[in-house]
Amino acid sequence: MIVVIECLFLRRPYSLQHFTVSTCLNSTAFMRRNLLYLSFFCLINTTCAAQEEFIEQSQFLARVPFTQLTGGVILLQARLSNYPDTLNFILDSGSGGISLDSTTVDYLKIHRVKTDRTIRGIAGTGKVSFVYHQQLHFPHLAIDSLDFHINNYSILTAVYGVQIDGIIGYSVLSRYILKIDYDSLFVEFWTKGALKYPRGGFFLRPLISTLPVIVLQVKDDRPVSSRFLYDMGAGLNMMLSTDFIKDSNLLKKKRKFYVKEAEGLGGKIDMSMTVIKEVKLGPYRFHNVPVYVFDDTYNVTSYPYLGGLIGNDLLRRFNVIMNYEKSDFYLTPNSHFFDGFDYSYNGLELYFVNGQIIIGDVAKDSPAEKAGLKEGDVVVAVNKNFTQNIQAYKAELQNAGDKVKIIIRRHDELREIELKVKNIL
(Lines give C-alpha, C1' and ligand atoms only; values in the text may rest on other atoms or scores of the structure.)
Protein backbone atom coordinates (compact mmCIF):
# COMPACT_ATOMS: atom_id res chain seq x y z
CA MET A 1 0.00 0.00 0.00
CA ILE A 2 2.85 2.38 0.78
CA VAL A 3 4.41 1.69 -2.63
CA VAL A 4 1.18 2.55 -4.44
CA ILE A 5 0.80 5.83 -2.51
CA GLU A 6 4.36 6.85 -3.27
CA CYS A 7 3.92 6.24 -6.95
CA LEU A 8 1.26 8.92 -7.03
CA PHE A 9 4.11 11.41 -6.56
CA LEU A 10 5.81 10.44 -9.84
CA ARG A 11 6.10 13.50 -12.06
CA ARG A 12 5.50 11.67 -15.35
CA PRO A 13 1.85 11.85 -16.50
CA TYR A 14 1.02 8.16 -15.94
CA SER A 15 -2.58 7.07 -15.88
CA LEU A 16 -3.66 4.82 -13.05
CA GLN A 17 -3.41 1.74 -15.32
CA HIS A 18 0.33 2.33 -15.73
CA PHE A 19 1.02 2.26 -11.99
CA THR A 20 2.54 -1.17 -11.27
CA VAL A 21 4.82 -2.43 -8.55
CA SER A 22 7.65 -2.98 -11.06
CA THR A 23 7.35 0.61 -12.29
CA CYS A 24 7.68 1.86 -8.78
CA LEU A 25 10.59 -0.44 -7.93
CA ASN A 26 12.54 0.97 -10.87
CA SER A 27 12.44 4.39 -9.18
CA THR A 28 14.28 3.56 -5.95
CA ALA A 29 15.85 6.99 -5.43
CA PHE A 30 12.56 8.66 -6.14
CA MET A 31 10.82 6.36 -3.65
CA ARG A 32 13.25 7.25 -0.89
CA ARG A 33 12.75 10.96 -1.44
CA ASN A 34 9.01 10.65 -1.38
CA LEU A 35 8.94 8.30 1.59
CA LEU A 36 10.71 11.07 3.50
CA TYR A 37 8.33 13.71 2.07
CA LEU A 38 5.28 11.61 2.86
CA SER A 39 6.43 10.94 6.41
CA PHE A 40 7.08 14.66 6.95
CA PHE A 41 3.73 15.52 5.37
CA CYS A 42 1.90 13.08 7.64
CA LEU A 43 3.77 14.40 10.69
CA ILE A 44 2.73 18.00 9.92
CA ASN A 45 -0.88 17.05 9.39
CA THR A 46 -0.97 14.93 12.52
CA THR A 47 0.50 17.80 14.55
CA CYS A 48 -1.97 20.31 13.09
CA ALA A 49 -4.87 17.97 13.75
CA ALA A 50 -3.70 17.53 17.33
CA GLN A 51 -3.43 21.31 17.77
CA GLU A 52 -6.93 21.83 16.33
CA GLU A 53 -8.30 19.41 18.88
CA PHE A 54 -7.00 21.65 21.69
CA ILE A 55 -8.50 24.87 20.27
CA GLU A 56 -11.99 24.92 21.71
CA GLN A 57 -14.68 26.52 19.61
CA SER A 58 -16.73 29.29 21.18
CA GLN A 59 -20.17 28.03 22.23
CA PHE A 60 -23.43 29.96 22.39
CA LEU A 61 -24.76 30.41 25.93
CA ALA A 62 -27.62 32.92 26.10
CA ARG A 63 -29.47 35.61 24.18
CA VAL A 64 -30.61 38.56 26.30
CA PRO A 65 -32.89 41.39 25.10
CA PHE A 66 -32.02 44.99 25.89
CA THR A 67 -33.56 48.43 25.62
CA GLN A 68 -31.78 51.63 24.67
CA LEU A 69 -31.81 54.80 26.70
CA THR A 70 -30.94 58.31 25.54
CA GLY A 71 -27.63 58.34 23.67
CA GLY A 72 -27.76 54.61 22.84
CA VAL A 73 -26.98 53.42 26.37
CA ILE A 74 -27.80 49.70 26.81
CA LEU A 75 -30.13 48.61 29.63
CA LEU A 76 -30.23 44.90 30.58
CA GLN A 77 -32.42 43.15 33.12
CA ALA A 78 -31.13 40.46 35.48
CA ARG A 79 -31.67 39.02 38.96
CA LEU A 80 -29.19 39.09 41.80
CA SER A 81 -28.43 35.79 43.59
CA ASN A 82 -31.59 34.46 45.31
CA TYR A 83 -33.49 37.76 45.27
CA PRO A 84 -36.70 37.56 43.19
CA ASP A 85 -36.68 41.18 41.96
CA THR A 86 -35.68 41.92 38.38
CA LEU A 87 -33.05 44.66 38.35
CA ASN A 88 -31.94 47.15 35.68
CA PHE A 89 -28.25 47.25 34.74
CA ILE A 90 -26.39 49.50 32.31
CA LEU A 91 -23.86 47.61 30.16
CA ASP A 92 -20.70 49.68 30.39
CA SER A 93 -17.28 48.98 28.90
CA GLY A 94 -16.12 52.09 30.75
CA SER A 95 -16.58 50.35 34.11
CA GLY A 96 -13.62 48.45 35.57
CA GLY A 97 -15.78 46.07 37.60
CA ILE A 98 -19.46 45.59 38.43
CA SER A 99 -21.61 47.64 40.80
CA LEU A 100 -24.94 48.04 42.60
CA ASP A 101 -26.90 51.14 43.48
CA SER A 102 -26.83 51.95 47.20
CA THR A 103 -30.62 52.32 47.40
CA THR A 104 -31.04 48.89 45.78
CA VAL A 105 -28.68 47.36 48.33
CA ASP A 106 -30.68 48.96 51.15
CA TYR A 107 -34.00 47.85 49.66
CA LEU A 108 -32.84 44.24 49.33
CA LYS A 109 -31.18 44.40 52.77
CA ILE A 110 -27.89 43.04 51.50
CA HIS A 111 -24.95 43.07 53.88
CA ARG A 112 -22.22 45.43 52.68
CA VAL A 113 -18.54 45.42 53.64
CA LYS A 114 -16.70 48.72 54.04
CA THR A 115 -13.31 49.01 52.33
CA ASP A 116 -10.57 51.56 51.73
CA ARG A 117 -10.87 51.20 47.97
CA THR A 118 -11.58 54.39 46.05
CA ILE A 119 -13.37 54.90 42.76
CA ARG A 120 -13.01 57.95 40.57
CA GLY A 121 -15.52 59.58 38.26
CA ILE A 122 -15.78 62.73 36.16
CA ALA A 123 -17.56 64.54 39.00
CA GLY A 124 -15.88 63.18 42.11
CA THR A 125 -14.11 60.41 44.00
CA GLY A 126 -14.98 58.38 47.06
CA LYS A 127 -14.47 55.20 49.06
CA VAL A 128 -16.79 52.31 48.28
CA SER A 129 -18.26 49.35 50.11
CA PHE A 130 -18.61 45.90 48.54
CA VAL A 131 -21.08 43.04 48.32
CA TYR A 132 -19.06 39.86 47.82
CA HIS A 133 -19.65 36.46 46.19
CA GLN A 134 -22.92 37.17 44.40
CA GLN A 135 -24.56 35.66 41.33
CA LEU A 136 -26.09 37.45 38.37
CA HIS A 137 -28.95 35.61 36.64
CA PHE A 138 -29.87 36.20 32.99
CA PRO A 139 -32.28 33.90 31.13
CA HIS A 140 -30.36 30.60 30.69
CA LEU A 141 -27.16 32.05 32.15
CA ALA A 142 -25.94 32.36 35.75
CA ILE A 143 -22.67 34.17 36.44
CA ASP A 144 -20.98 33.19 39.70
CA SER A 145 -18.51 34.77 42.12
CA LEU A 146 -19.09 38.44 41.43
CA ASP A 147 -17.94 41.18 43.82
CA PHE A 148 -20.12 44.28 43.44
CA HIS A 149 -18.94 47.66 44.61
CA ILE A 150 -21.69 49.98 45.81
CA ASN A 151 -22.34 53.45 44.48
CA ASN A 152 -25.18 55.96 44.45
CA TYR A 153 -26.87 55.98 41.04
CA SER A 154 -29.83 58.20 41.97
CA ILE A 155 -28.64 60.80 39.45
CA LEU A 156 -28.72 58.20 36.64
CA THR A 157 -32.20 57.10 37.71
CA ALA A 158 -33.33 60.74 37.55
CA VAL A 159 -31.74 61.29 34.13
CA TYR A 160 -33.15 58.18 32.43
CA GLY A 161 -36.48 58.01 34.25
CA VAL A 162 -36.06 54.34 35.15
CA GLN A 163 -34.50 52.78 38.22
CA ILE A 164 -30.81 52.09 37.59
CA ASP A 165 -29.85 49.26 39.95
CA GLY A 166 -26.29 48.79 38.83
CA ILE A 167 -23.63 48.79 36.13
CA ILE A 168 -22.13 45.74 34.42
CA GLY A 169 -18.50 46.21 33.40
CA TYR A 170 -15.21 44.36 33.14
CA SER A 171 -16.04 41.67 35.73
CA VAL A 172 -18.60 40.20 33.30
CA LEU A 173 -17.31 41.44 29.93
CA SER A 174 -13.94 39.75 30.45
CA ARG A 175 -15.48 36.30 31.05
CA TYR A 176 -17.26 35.91 27.73
CA ILE A 177 -17.41 36.86 24.10
CA LEU A 178 -20.33 39.27 23.67
CA LYS A 179 -22.21 39.91 20.44
CA ILE A 180 -24.23 43.12 20.60
CA ASP A 181 -26.81 43.66 17.86
CA TYR A 182 -28.43 47.10 17.79
CA ASP A 183 -30.79 46.05 14.99
CA SER A 184 -32.42 43.20 16.88
CA LEU A 185 -31.73 44.68 20.36
CA PHE A 186 -30.14 41.51 21.70
CA VAL A 187 -26.87 40.71 23.47
CA GLU A 188 -25.52 37.20 23.00
CA PHE A 189 -23.15 35.60 25.49
CA TRP A 190 -20.64 33.06 24.08
CA THR A 191 -17.88 31.08 25.76
CA LYS A 192 -14.26 32.00 25.14
CA GLY A 193 -12.69 30.18 22.20
CA ALA A 194 -12.21 30.20 18.45
CA LEU A 195 -14.87 32.24 16.68
CA LYS A 196 -15.73 32.84 13.04
CA TYR A 197 -16.39 36.53 12.41
CA PRO A 198 -18.94 37.68 9.80
CA ARG A 199 -17.98 39.51 6.64
CA GLY A 200 -18.24 43.22 6.14
CA GLY A 201 -16.72 44.45 9.39
CA PHE A 202 -13.38 45.58 10.74
CA PHE A 203 -11.24 44.87 13.79
CA LEU A 204 -10.40 47.35 16.48
CA ARG A 205 -7.44 46.15 18.53
CA PRO A 206 -7.99 47.85 21.90
CA LEU A 207 -5.41 47.91 24.64
CA ILE A 208 -7.13 46.29 27.62
CA SER A 209 -6.01 46.18 31.21
CA THR A 210 -9.50 46.49 32.61
CA LEU A 211 -10.78 49.26 30.33
CA PRO A 212 -10.57 49.12 26.50
CA VAL A 213 -8.53 51.91 24.95
CA ILE A 214 -8.42 52.53 21.21
CA VAL A 215 -6.44 54.84 18.95
CA LEU A 216 -8.42 56.97 16.54
CA GLN A 217 -8.10 60.21 14.63
CA VAL A 218 -10.11 63.37 15.22
CA LYS A 219 -9.92 66.35 12.93
CA ASP A 220 -11.03 69.96 13.04
CA ASP A 221 -8.41 72.65 12.41
CA ARG A 222 -5.87 69.81 12.06
CA PRO A 223 -5.92 66.00 12.29
CA VAL A 224 -4.85 64.56 15.65
CA SER A 225 -4.43 60.90 16.63
CA SER A 226 -4.78 59.96 20.27
CA ARG A 227 -5.97 57.25 22.64
CA PHE A 228 -9.60 57.22 23.75
CA LEU A 229 -11.64 55.09 26.11
CA TYR A 230 -14.18 52.85 24.34
CA ASP A 231 -17.12 53.71 26.61
CA MET A 232 -20.50 52.11 25.89
CA GLY A 233 -21.94 53.54 29.08
CA ALA A 234 -21.58 57.14 27.89
CA GLY A 235 -24.66 58.43 26.07
CA LEU A 236 -22.79 60.82 23.76
CA ASN A 237 -20.52 60.76 20.72
CA MET A 238 -17.23 61.89 22.21
CA MET A 239 -15.98 63.67 25.28
CA LEU A 240 -12.63 65.47 25.11
CA SER A 241 -10.63 66.92 27.97
CA THR A 242 -9.69 70.60 27.88
CA ASP A 243 -6.05 69.58 28.37
CA PHE A 244 -6.20 67.54 25.18
CA ILE A 245 -7.93 70.37 23.29
CA LYS A 246 -5.32 72.93 24.37
CA ASP A 247 -2.22 70.81 23.80
CA SER A 248 -3.33 69.42 20.43
CA ASN A 249 -4.62 72.71 18.97
CA LEU A 250 -7.39 70.57 17.52
CA LEU A 251 -10.21 73.09 17.27
CA LYS A 252 -10.65 75.89 14.82
CA LYS A 253 -10.45 79.28 16.52
CA LYS A 254 -14.00 80.20 15.50
CA ARG A 255 -15.57 77.16 17.13
CA LYS A 256 -18.41 78.26 19.41
CA PHE A 257 -19.08 76.53 22.73
CA TYR A 258 -22.45 75.98 24.37
CA VAL A 259 -22.75 75.48 28.13
CA LYS A 260 -24.17 72.10 29.13
CA GLU A 261 -24.62 70.21 32.38
CA ALA A 262 -23.81 66.51 32.28
CA GLU A 263 -24.09 63.67 34.75
CA GLY A 264 -21.64 60.95 35.64
CA LEU A 265 -20.02 59.07 38.46
CA GLY A 266 -19.87 61.47 41.37
CA GLY A 267 -22.79 63.68 40.34
CA LYS A 268 -23.23 66.63 37.96
CA ILE A 269 -20.56 68.54 36.10
CA ASP A 270 -20.54 71.58 33.82
CA MET A 271 -19.34 70.95 30.27
CA SER A 272 -19.36 72.63 26.89
CA MET A 273 -20.77 71.42 23.58
CA THR A 274 -19.29 72.05 20.17
CA VAL A 275 -18.87 70.34 16.79
CA ILE A 276 -15.68 68.94 15.26
CA LYS A 277 -15.13 68.39 11.57
CA GLU A 278 -14.37 64.65 11.53
CA VAL A 279 -13.94 61.48 13.58
CA LYS A 280 -12.25 58.51 11.93
CA LEU A 281 -13.14 55.12 13.42
CA GLY A 282 -11.48 52.21 11.64
CA PRO A 283 -12.00 52.78 7.89
CA TYR A 284 -15.05 55.01 8.46
CA ARG A 285 -15.21 58.79 8.73
CA PHE A 286 -18.00 60.68 10.50
CA HIS A 287 -18.37 64.36 9.65
CA ASN A 288 -19.56 67.26 11.83
CA VAL A 289 -19.67 65.31 15.06
CA PRO A 290 -21.10 66.94 18.23
CA VAL A 291 -18.72 66.55 21.17
CA TYR A 292 -18.49 67.50 24.83
CA VAL A 293 -15.47 69.26 26.31
CA PHE A 294 -14.82 69.04 30.05
CA ASP A 295 -12.26 70.03 32.69
CA ASP A 296 -10.83 66.74 33.94
CA THR A 297 -10.58 67.87 37.56
CA TYR A 298 -10.41 64.32 38.93
CA ASN A 299 -7.98 63.07 36.26
CA VAL A 300 -10.17 60.21 35.01
CA THR A 301 -8.39 60.29 31.65
CA SER A 302 -4.89 60.32 33.19
CA TYR A 303 -3.98 62.83 30.51
CA PRO A 304 -1.89 62.62 28.35
CA TYR A 305 -2.56 58.86 28.35
CA LEU A 306 -6.12 59.50 27.12
CA GLY A 307 -7.50 62.42 25.17
CA GLY A 308 -11.04 61.55 26.24
CA LEU A 309 -13.61 58.90 25.39
CA ILE A 310 -15.83 57.73 22.55
CA GLY A 311 -19.42 57.05 23.59
CA ASN A 312 -22.34 54.93 22.52
CA ASP A 313 -24.24 57.53 20.50
CA LEU A 314 -21.53 56.93 17.91
CA LEU A 315 -20.67 53.30 18.73
CA ARG A 316 -24.31 52.15 18.45
CA ARG A 317 -23.99 52.59 14.68
CA PHE A 318 -22.02 49.33 14.61
CA ASN A 319 -22.97 45.86 15.76
CA VAL A 320 -20.01 44.64 17.78
CA ILE A 321 -18.38 41.40 18.87
CA MET A 322 -16.34 42.02 22.01
CA ASN A 323 -13.61 39.45 22.68
CA TYR A 324 -11.71 40.70 25.70
CA GLU A 325 -9.45 37.62 25.89
CA LYS A 326 -8.06 38.25 22.39
CA SER A 327 -8.33 42.08 22.58
CA ASP A 328 -10.53 41.92 19.50
CA PHE A 329 -13.51 44.21 18.99
CA TYR A 330 -15.12 43.46 15.62
CA LEU A 331 -17.47 46.20 14.36
CA THR A 332 -19.98 45.89 11.51
CA PRO A 333 -22.03 48.88 10.28
CA ASN A 334 -25.73 48.39 11.04
CA SER A 335 -29.05 50.01 10.09
CA HIS A 336 -28.28 53.00 12.35
CA PHE A 337 -25.02 53.81 10.59
CA PHE A 338 -26.50 56.77 8.68
CA ASP A 339 -28.59 58.13 11.57
CA GLY A 340 -28.18 61.88 11.86
CA PHE A 341 -26.34 63.43 14.77
CA ASP A 342 -28.15 65.47 17.38
CA TYR A 343 -27.28 69.16 16.88
CA SER A 344 -29.98 70.46 19.19
CA TYR A 345 -29.28 72.80 22.07
CA ASN A 346 -31.91 74.02 24.51
CA GLY A 347 -29.90 74.62 27.68
CA LEU A 348 -32.11 72.73 30.11
CA GLU A 349 -31.83 69.41 31.92
CA LEU A 350 -34.78 67.16 32.75
CA TYR A 351 -34.87 64.85 35.78
CA PHE A 352 -37.46 62.33 36.93
CA VAL A 353 -37.82 62.81 40.68
CA ASN A 354 -40.56 61.39 42.94
CA GLY A 355 -42.86 60.67 40.03
CA GLN A 356 -42.49 64.11 38.45
CA ILE A 357 -40.35 65.47 35.62
CA ILE A 358 -38.44 68.45 36.97
CA ILE A 359 -36.35 71.04 35.14
CA GLY A 360 -32.86 70.98 36.59
CA ASP A 361 -30.06 73.28 35.52
CA VAL A 362 -30.96 76.08 33.08
CA ALA A 363 -27.85 77.37 31.28
CA LYS A 364 -27.18 81.10 31.19
CA ASP A 365 -28.16 82.80 27.88
CA SER A 366 -29.55 79.49 26.59
CA PRO A 367 -32.84 79.14 24.65
CA ALA A 368 -34.44 77.74 27.84
CA GLU A 369 -33.47 80.78 29.90
CA LYS A 370 -34.58 83.20 27.17
CA ALA A 371 -37.95 81.41 26.99
CA GLY A 372 -38.44 81.94 30.72
CA LEU A 373 -37.99 78.42 32.04
CA LYS A 374 -36.53 78.07 35.54
CA GLU A 375 -34.89 75.41 37.63
CA GLY A 376 -37.52 73.60 39.67
CA ASP A 377 -40.36 73.99 37.15
CA VAL A 378 -42.47 70.81 36.91
CA VAL A 379 -42.99 69.65 33.32
CA VAL A 380 -46.61 68.63 32.71
CA ALA A 381 -46.47 68.10 28.93
CA VAL A 382 -44.29 68.66 25.88
CA ASN A 383 -46.01 69.28 22.53
CA LYS A 384 -49.33 67.96 23.94
CA ASN A 385 -47.64 64.77 25.14
CA PHE A 386 -48.88 64.20 28.69
CA THR A 387 -47.38 60.71 29.16
CA GLN A 388 -44.73 61.84 31.68
CA ASN A 389 -42.21 59.75 29.73
CA ILE A 390 -38.88 61.51 30.13
CA GLN A 391 -37.33 59.69 27.17
CA ALA A 392 -40.15 60.91 24.91
CA TYR A 393 -39.85 64.48 26.21
CA LYS A 394 -36.11 64.51 25.57
CA ALA A 395 -36.73 63.28 22.03
CA GLU A 396 -39.15 66.18 21.43
CA LEU A 397 -36.46 68.60 22.58
CA GLN A 398 -33.84 67.17 20.21
CA ASN A 399 -35.35 68.54 17.00
CA ALA A 400 -32.92 71.33 16.16
CA GLY A 401 -34.61 74.45 14.83
CA ASP A 402 -38.11 73.45 15.99
CA LYS A 403 -40.39 75.40 18.29
CA VAL A 404 -41.50 73.29 21.25
CA LYS A 405 -44.45 74.06 23.51
CA ILE A 406 -43.90 73.07 27.14
CA ILE A 407 -46.60 73.13 29.80
CA ILE A 408 -45.06 73.64 33.23
CA ARG A 409 -46.34 74.03 36.75
CA ARG A 410 -44.75 76.75 38.87
CA HIS A 411 -46.10 77.58 42.34
CA ASP A 412 -49.32 75.62 41.58
CA GLU A 413 -49.88 77.68 38.43
CA LEU A 414 -49.90 76.13 34.94
CA ARG A 415 -48.04 77.96 32.19
CA GLU A 416 -47.41 77.23 28.51
CA ILE A 417 -43.98 78.31 27.31
CA GLU A 418 -42.66 78.18 23.76
CA LEU A 419 -39.02 77.23 23.37
CA LYS A 420 -37.08 77.40 20.12
CA VAL A 421 -34.43 74.68 19.99
CA LYS A 422 -31.11 75.97 18.68
CA ASN A 423 -29.07 74.24 15.98
CA ILE A 424 -25.35 74.21 16.91
CA LEU A 425 -24.13 73.05 13.50
# chains A, B, ... in the order shown; residues from 1 in each chain; ligands from 1
$ select_by_dssp --residues "range 151-348 of chain A" --states "strand (DSSP E)" --output "PyMOL selection string"
chain A and resi 151+166-168+177-181+186-190+202-204+207-208+212-219+223-230+238-241+258-264+267-281+284-294+308-310+318-323+328-333+344-345+348
$ closest_atom_pairs --of "range 162-190 of chain A" --to "range 137-156 of chain A" --cutoff "10 Å" --atoms "only C-alpha atoms" --output "CSV"
residue,atom,partner,partner_atom,distance
A:Val162,CA,A:Leu156,CA,8.4
A:Gln163,CA,A:Ser154,CA,8.1
A:Ile164,CA,A:Tyr153,CA,6.5
A:Asp165,CA,A:Tyr153,CA,7.4
A:Gly166,CA,A:Tyr153,CA,7.6
A:Ile167,CA,A:Phe148,CA,9.3
A:Ile168,CA,A:Phe148,CA,9.4
A:Ser171,CA,A:Leu146,CA,7.2
A:Val172,CA,A:Ile143,CA,7.9
A:Arg175,CA,A:Ile143,CA,9.2
A:Phe189,CA,A:Leu141,CA,8.5
$ residues_around --residues "Val218 in chain A" --least-positions-apart "4" --cutoff "9 Å" --atoms "only C-alpha atoms" --output "VMD selection string"
chain A and resid 222 to 226 250 276 to 281
$ closest_residue --among "A:Trp190, A:Phe257, A:Phe202, A:Tyr132" --to "Phe318 in chain A" --atoms "only C-alpha atoms"
A:Phe202
$ closest_atom_pairs --of "range 272-348 of chain A" --to "range 196-199 of chain A" --cutoff "9 Å" --atoms "only C-alpha atoms" --output "JSON lines"
{"residue": "A:Ile321", "atom": "CA", "partner": "A:Tyr197", "partner_atom": "CA", "distance": 8.3}
{"residue": "A:Tyr330", "atom": "CA", "partner": "A:Tyr197", "partner_atom": "CA", "distance": 7.7}
{"residue": "A:Thr332", "atom": "CA", "partner": "A:Arg199", "partner_atom": "CA", "distance": 8.3}
$ closest_residue --among "A:Lys254, A:Lys326, A:His287, A:His111" --to "Lys219 in chain A" --atoms "only C-alpha atoms"
A:His287
$ closest_residue --among "A:Ser58, A:Asn312, A:Thr103, A:Ser272" --to "Ile90 in chain A" --atoms "only C-alpha atoms"
A:Asn312
$ atom_distance --atom1 "CA of Arg316 in chain A" --atom2 "CA of Tyr182 in chain A"
6.5 Å
$ residues_around --residues "Ala381 in chain A" --least-positions-apart "2" --cutoff "10 Å" --atoms "only C-alpha atoms" --output "MDAnalysis selection string"
chainID A and resid 357 378:379 383:389 393 405:409 416
$ atom_distance --atom1 "CA of Asp296 in chain A" --atom2 "CA of Leu173 in chain A"
26.4 Å
$ closest_residue --among "A:Ser241, A:Gly161, A:Thr67, A:Lys114" --to "Val300 in chain A" --atoms "only C-alpha atoms"
A:Ser241
$ residues_around --residues "Lys422 in chain A" --least-positions-apart "4" --cutoff "10 Å" --atoms "only C-alpha atoms" --output "PyMOL selection string"
chain A and resi 343-347+366-368+397-403
$ select_by_dssp --residues "range 223-373 of chain A" --states "alpha helix (DSSP H)" --output "list in words"
Thr242, Asp243, Phe244, Ile245, Lys246, Asp247, Ser248, Asn312, Asp313, Leu314, Leu315, Pro367, Ala368, Glu369, Lys370 and Ala371 of chain A
$ closest_residue --among "A:Glu261, A:Glu369, A:Asp328, A:Val213" --to "Tyr305 in chain A" --atoms "only C-alpha atoms"
A:Val213
$ atom_distance --atom1 "CA of Ile390 in chain A" --atom2 "CA of Pro333 in chain A"
28.9 Å
